[in-house]
Each structure stands twice: as C-alpha cells, then as structure tokens.
$ cat protein35.txt   # compact mmCIF, C-alpha atoms
# COMPACT_ATOMS: atom_id res chain seq x y z
CA THR A 23 35.22 66.17 179.39
CA ASP A 24 38.35 65.18 177.56
CA GLY A 25 40.69 67.58 179.48
CA PHE A 26 40.82 70.24 176.76
CA ASP A 27 39.40 73.72 177.25
CA LEU A 28 38.14 74.40 173.76
CA GLU A 29 35.62 77.14 173.26
CA GLU A 30 32.33 76.29 171.73
CA LYS A 31 32.02 77.43 168.12
CA GLN A 32 30.21 80.74 167.86
CA SER A 33 27.37 81.38 165.52
CA GLU A 34 28.35 82.39 162.01
CA ASP A 35 27.17 85.97 162.60
CA ASP A 36 29.63 86.48 165.50
CA GLU A 37 32.58 84.85 163.79
CA GLU A 38 35.35 86.71 162.00
CA PRO A 39 36.14 85.40 158.52
CA HIS A 40 39.09 83.01 158.39
CA SER A 41 41.71 83.21 155.72
CA THR A 42 42.03 80.10 153.63
CA SER A 43 44.73 81.49 151.38
CA PRO A 44 47.91 79.44 151.11
CA TYR A 45 51.01 80.42 153.08
CA ILE A 46 52.81 81.57 149.92
CA SER A 47 50.08 84.22 149.48
CA TRP A 48 50.77 85.58 152.95
CA GLN A 49 54.40 86.12 152.04
CA ARG A 50 53.43 87.95 148.85
CA GLU A 51 50.98 90.19 150.70
CA ASP A 52 53.45 90.93 153.50
CA VAL A 53 56.26 91.94 151.14
CA LYS A 54 54.07 94.73 149.70
CA ASN A 55 54.57 96.65 152.95
CA ASN A 56 58.34 96.21 153.24
CA ILE A 57 61.44 97.95 152.04
CA THR A 58 64.37 95.58 152.33
CA GLY A 59 66.90 98.07 151.04
CA ALA A 60 66.32 100.68 148.37
CA ILE A 61 67.98 103.85 147.19
CA TYR A 62 65.76 106.88 146.58
CA LYS A 63 66.56 110.29 145.17
CA ALA A 64 65.53 112.94 147.71
CA ARG A 65 65.21 116.73 147.49
CA VAL A 66 67.56 118.89 149.56
CA ASP A 67 67.08 122.43 150.84
CA ASN A 68 70.78 123.25 150.45
CA SER A 69 70.26 126.72 151.94
CA HIS A 70 69.97 125.11 155.39
CA PRO A 71 73.16 124.67 157.49
CA LEU A 72 72.45 120.93 157.85
CA ALA A 73 72.81 120.59 154.08
CA PHE A 74 76.06 122.60 153.79
CA GLY A 75 78.15 121.11 150.99
CA TYR A 76 75.29 119.27 149.26
CA SER A 77 73.57 119.96 145.96
CA ASP A 78 69.78 119.95 145.65
CA THR A 79 69.60 116.13 145.64
CA TYR A 80 70.63 113.34 148.03
CA PHE A 81 70.52 109.60 147.53
CA SER A 82 68.95 108.10 150.63
CA LEU A 83 69.30 104.46 151.61
CA LYS A 84 65.88 103.32 152.89
CA ARG A 85 66.11 100.13 154.96
CA GLY A 86 62.53 100.07 156.13
CA ASN A 87 59.15 101.63 155.59
CA THR A 88 59.47 104.08 158.50
CA ALA A 89 57.99 107.38 157.39
CA TYR A 90 57.31 110.70 159.09
CA ALA A 91 55.13 113.48 157.73
CA LEU A 92 56.77 116.69 156.59
CA MET A 93 57.01 119.38 159.27
CA ASP A 94 55.65 122.92 158.96
CA SER A 95 59.25 124.14 158.62
CA GLY A 96 62.74 122.65 158.88
CA ASN A 97 62.40 119.98 156.17
CA VAL A 98 65.99 119.75 154.97
CA VAL A 99 65.86 116.48 153.00
CA TYR A 100 62.61 114.89 151.93
CA LEU A 101 61.13 112.41 149.50
CA GLU A 102 58.60 113.78 147.08
CA ASP A 103 56.58 111.32 145.00
CA SER A 104 58.83 108.36 145.75
CA GLY A 105 57.69 105.93 143.04
CA ASP A 106 60.21 103.28 142.06
CA PRO A 107 63.57 103.21 143.84
CA LEU A 108 66.70 103.86 141.79
CA SER A 109 68.06 100.57 143.09
CA GLY A 110 66.88 97.85 145.46
CA PHE A 111 63.44 96.62 146.48
CA ALA A 112 60.44 98.44 147.89
CA GLY A 113 56.97 96.90 148.10
CA SER A 114 54.07 98.62 146.36
CA GLU A 115 52.30 99.71 149.57
CA ALA A 116 55.56 100.84 151.19
CA ARG A 117 56.27 103.06 148.17
CA LYS A 118 52.97 104.85 148.69
CA ASN A 119 53.67 105.22 152.42
CA ILE A 120 56.99 107.05 151.96
CA SER A 121 55.83 109.60 149.39
CA ASN A 122 56.11 113.20 150.66
CA THR A 123 57.94 112.27 153.86
CA LEU A 124 60.88 113.56 155.86
CA VAL A 125 64.41 112.16 155.54
CA PHE A 126 66.34 114.77 157.58
CA GLY A 127 64.93 117.78 159.37
CA VAL A 128 65.65 120.34 162.08
CA GLN A 129 63.27 121.75 164.68
CA LYS A 130 64.02 124.49 167.21
CA HIS A 131 63.60 123.41 170.82
CA GLY A 132 64.41 125.68 173.74
CA LYS A 133 67.89 127.12 173.20
CA GLY A 134 68.89 124.37 170.78
CA ASN A 135 67.68 122.25 167.91
CA ILE A 136 66.45 118.72 167.40
CA VAL A 137 67.91 117.06 164.32
CA TYR A 138 65.74 114.30 162.85
CA MET A 139 67.46 111.61 160.80
CA VAL A 140 64.85 109.11 159.66
CA ASP A 141 67.34 107.23 157.49
CA ASP A 142 70.75 106.27 158.89
CA PRO A 143 73.30 108.53 157.16
CA LEU A 144 76.19 106.28 158.31
CA PHE A 145 74.69 102.83 157.73
CA ARG A 146 77.39 100.25 158.52
CA GLY A 147 80.08 102.73 157.60
CA PHE A 148 79.70 102.10 153.88
CA TRP A 149 77.02 104.67 153.05
CA GLN A 150 79.43 107.49 152.24
CA ASN A 151 76.81 109.91 150.92
CA GLY A 152 75.56 110.83 154.42
CA LYS A 153 78.78 111.53 156.31
CA LEU A 154 78.61 115.27 155.74
CA PHE A 155 75.01 115.41 157.05
CA PHE A 156 76.16 113.81 160.28
CA VAL A 157 79.09 116.21 160.64
CA ASN A 158 76.88 119.20 159.81
CA ALA A 159 74.38 118.07 162.47
CA LEU A 160 77.18 118.19 165.06
CA PHE A 161 78.97 121.38 164.02
CA MET A 162 76.77 123.54 161.77
CA VAL A 163 73.24 123.36 163.24
CA ARG A 164 72.87 125.86 166.08

$ encode --input "protein35.txt" --output "structure tokens"
Amino acid sequence: TDGFDLEEKQSEDDEEPHSTSPYISWQREDVKNNITGAIYKARVDNSHPLAFGYSDTYFSLKRGNTAYALMDSGNVVYLEDSGDPLSGFAGSEARKNISNTLVFGVQKHGKGNIVYMVDDPLFRGFWQNGKLFFVNALFMVR
C-alpha cells in the first residue's frame, strides 16, 4: 500500500451523481434561496393590541429566509403573496418560501402570552418602523 486509505470506487449503480458544474453556478444556485436584505409590505390586523397605533400595513425588513406558517389565530402582521420586495434583494426560491407567513403574532400560554417576532423590529436601531411593535409587546399585550 501507499499509506493512503482511499475507498475503492463503487459500481456506477451505487454511486451518487457528481456535479460537474462550475463554481460560479453554485453561487448562482445558492443565492436563489437567500434574502440578503429586503423590504416587504405586510398586512396588519390593527384591531389587535400588539398593532396599536399602526395602519393596516407595515414595512418589514427581511434579513433572511426564515419563515413560519400562519397560526390558527393571533396573526397580527403577516406577508401575503410576497412577490418582489419593495427594495433590496430576495432570491426567487426565498420569495416563494415567505409567501403567506407570519411576521408578528401572539399566542396565549398559561396566564400570559407569547409574542412572536420573526423579523427584528429594532434592527441595529435604525429600523424605526418597528419601535411601536416592541413597545406594544411589552405594555399592551396581556
């Protein structure tokens, strides 16, 4: 032996297909699933205490493709058919993934509530649009 522990090549039937696409193609395929920063117009149930002071729309800053399904009740802010962002970049597959998903929601638990904030309403202190949601989560949701 030559000191290397290489496995013997398997038969073609047992082998998984190898990608021979160039590296640049991998980058293009990977970016389809990413959101590097995009602003989406979301629907707001402004009858809920979490949404006190808001109209029926909210501009959400999406910094990733994290998405949670809508709940049976308590969907305060949500994305409908997301489509193209108003500003920023979102890959084609990521756009499909965030359609009809939760942005902010409230769920009763025991004697209190759980407040879900999928998108950061205070991102780096510059995203001013979400400050009131954060304050309402602390003081208005009971």

$ closest_atom_pairs --input "protein35.txt" --of "region 77-116 of chain A" --to "region 51-61 of chain A" --cutoff "12 Å" --atoms "only C-alpha atoms" --output "Markdown table"
| residue | atom | partner | partner_atom | distance |
| --- | --- | --- | --- | --- |
| A:Tyr80 | CA | A:Ile61 | CA | 9.9 |
| A:Phe81 | CA | A:Ile61 | CA | 6.3 |
| A:Ser82 | CA | A:Ile61 | CA | 5.6 |
| A:Leu83 | CA | A:Ile61 | CA | 4.7 |
| A:Lys84 | CA | A:Ala60 | CA | 5.3 |
| A:Arg85 | CA | A:Gly59 | CA | 4.5 |
| A:Gly86 | CA | A:Ile57 | CA | 4.7 |
| A:Asn87 | CA | A:Ile57 | CA | 5.6 |
| A:Thr88 | CA | A:Ile57 | CA | 9.1 |
| A:Ala89 | CA | A:Ile57 | CA | 11.4 |
| A:Leu101 | CA | A:Ile61 | CA | 11.2 |
| A:Ser104 | CA | A:Ile61 | CA | 10.3 |
| A:Gly105 | CA | A:Ile61 | CA | 11.3 |
| A:Asp106 | CA | A:Ala60 | CA | 9.2 |
| A:Pro107 | CA | A:Ile61 | CA | 5.6 |
| A:Leu108 | CA | A:Ile61 | CA | 5.5 |
| A:Ser109 | CA | A:Ile61 | CA | 5.3 |
| A:Gly110 | CA | A:Ala60 | CA | 4.1 |
| A:Phe111 | CA | A:Ala60 | CA | 5.3 |
| A:Ala112 | CA | A:Ile57 | CA | 4.3 |
| A:Gly113 | CA | A:Lys54 | CA | 4.0 |
| A:Ser114 | CA | A:Lys54 | CA | 5.1 |
| A:Glu115 | CA | A:Asn55 | CA | 5.1 |
| A:Ala116 | CA | A:Asn55 | CA | 4.7 |

$ residues_around --input "protein35.txt" --residues "His70 (chain A)" --least-positions-apart "2" --cutoff "9 Å" --atoms "all atoms listed in the file" --output "number ranges by chain"
A: 66-68, 72-74, 96, 98, 163

$ atom_distance --input "protein35.txt" --atom1 "CA of Thr79 (chain A)" --atom2 "CA of Lys63 (chain A)"
6.6 Å

$ atom_distance --input "protein35.txt" --atom1 "CA of Asp142 (chain A)" --atom2 "CA of Asn158 (chain A)"
14.3 Å

$ closest_residue --input "protein35.txt" --among "A:Ser69, A:Ser95, A:Lys130, A:Trp48" --to "Arg164 (chain A)" --atoms "all atoms listed in the file"
A:Lys130

$ atom_distance --input "protein35.txt" --atom1 "CA of Asn119 (chain A)" --atom2 "CA of Pro71 (chain A)"
28.0 Å

$ closest_residue --input "protein35.txt" --among "A:Tyr45, A:Tyr76, A:Phe155, A:Tyr138" --to "Tyr90 (chain A)" --atoms "all atoms listed in the file"
A:Tyr138

$ closest_residue --input "protein35.txt" --among "A:Thr42, A:Phe148, A:Met93, A:Thr123" --to "Tyr62 (chain A)" --atoms "only C-alpha atoms"
A:Thr123

$ closest_residue --input "protein35.txt" --among "A:Pro143, A:Lys153, A:Gly132, A:Arg117" --to "Glu102 (chain A)" --atoms "only C-alpha atoms"
A:Arg117

$ axis_aligned_box --input "protein35.txt" --around "region 44-47 of chain A" --padding-each-side "5 Å" --output "lines of an AutoDock Vina configuration file"
center_x = 50.4
center_y = 81.8
center_z = 151.3
size_x = 14.9
size_y = 14.8
size_z = 13.6

$ closest_residue --input "protein35.txt" --among "A:Asp94, A:Ala64, A:Phe161, A:Ser77" --to "Phe126 (chain A)" --atoms "only C-alpha atoms"
A:Ala64

$ decode --input "protein35.txt" --residues "region 42-56 of chain A" --atoms "C-alpha atoms" --output "mmCIF file, in the first residue's frame"
data_model
loop_
_atom_site.group_PDB
_atom_site.id
_atom_site.type_symbol
_atom_site.label_atom_id
_atom_site.label_comp_id
_atom_site.auth_asym_id
_atom_site.auth_seq_id
_atom_site.Cartn_x
_atom_site.Cartn_y
_atom_site.Cartn_z
ATOM 1 C CA THR A 42 -19.545 18.969 -12.722
ATOM 2 C CA SER A 43 -20.986 22.461 -12.829
ATOM 3 C CA PRO A 44 -18.518 25.307 -12.383
ATOM 4 C CA TYR A 45 -18.173 27.068 -9.030
ATOM 5 C CA ILE A 46 -19.860 30.217 -10.366
ATOM 6 C CA SER A 47 -23.009 28.127 -10.962
ATOM 7 C CA TRP A 48 -23.053 27.058 -7.325
ATOM 8 C CA GLN A 49 -23.095 30.680 -6.242
ATOM 9 C CA ARG A 50 -25.983 31.450 -8.587
ATOM 10 C CA GLU A 51 -27.983 28.475 -7.345
ATOM 11 C CA ASP A 52 -27.298 29.270 -3.690
ATOM 12 C CA VAL A 53 -28.395 32.904 -3.972
ATOM 13 C CA LYS A 54 -31.876 31.779 -5.091
ATOM 14 C CA ASN A 55 -32.548 30.672 -1.506
ATOM 15 C CA ASN A 56 -31.271 33.796 0.252
#
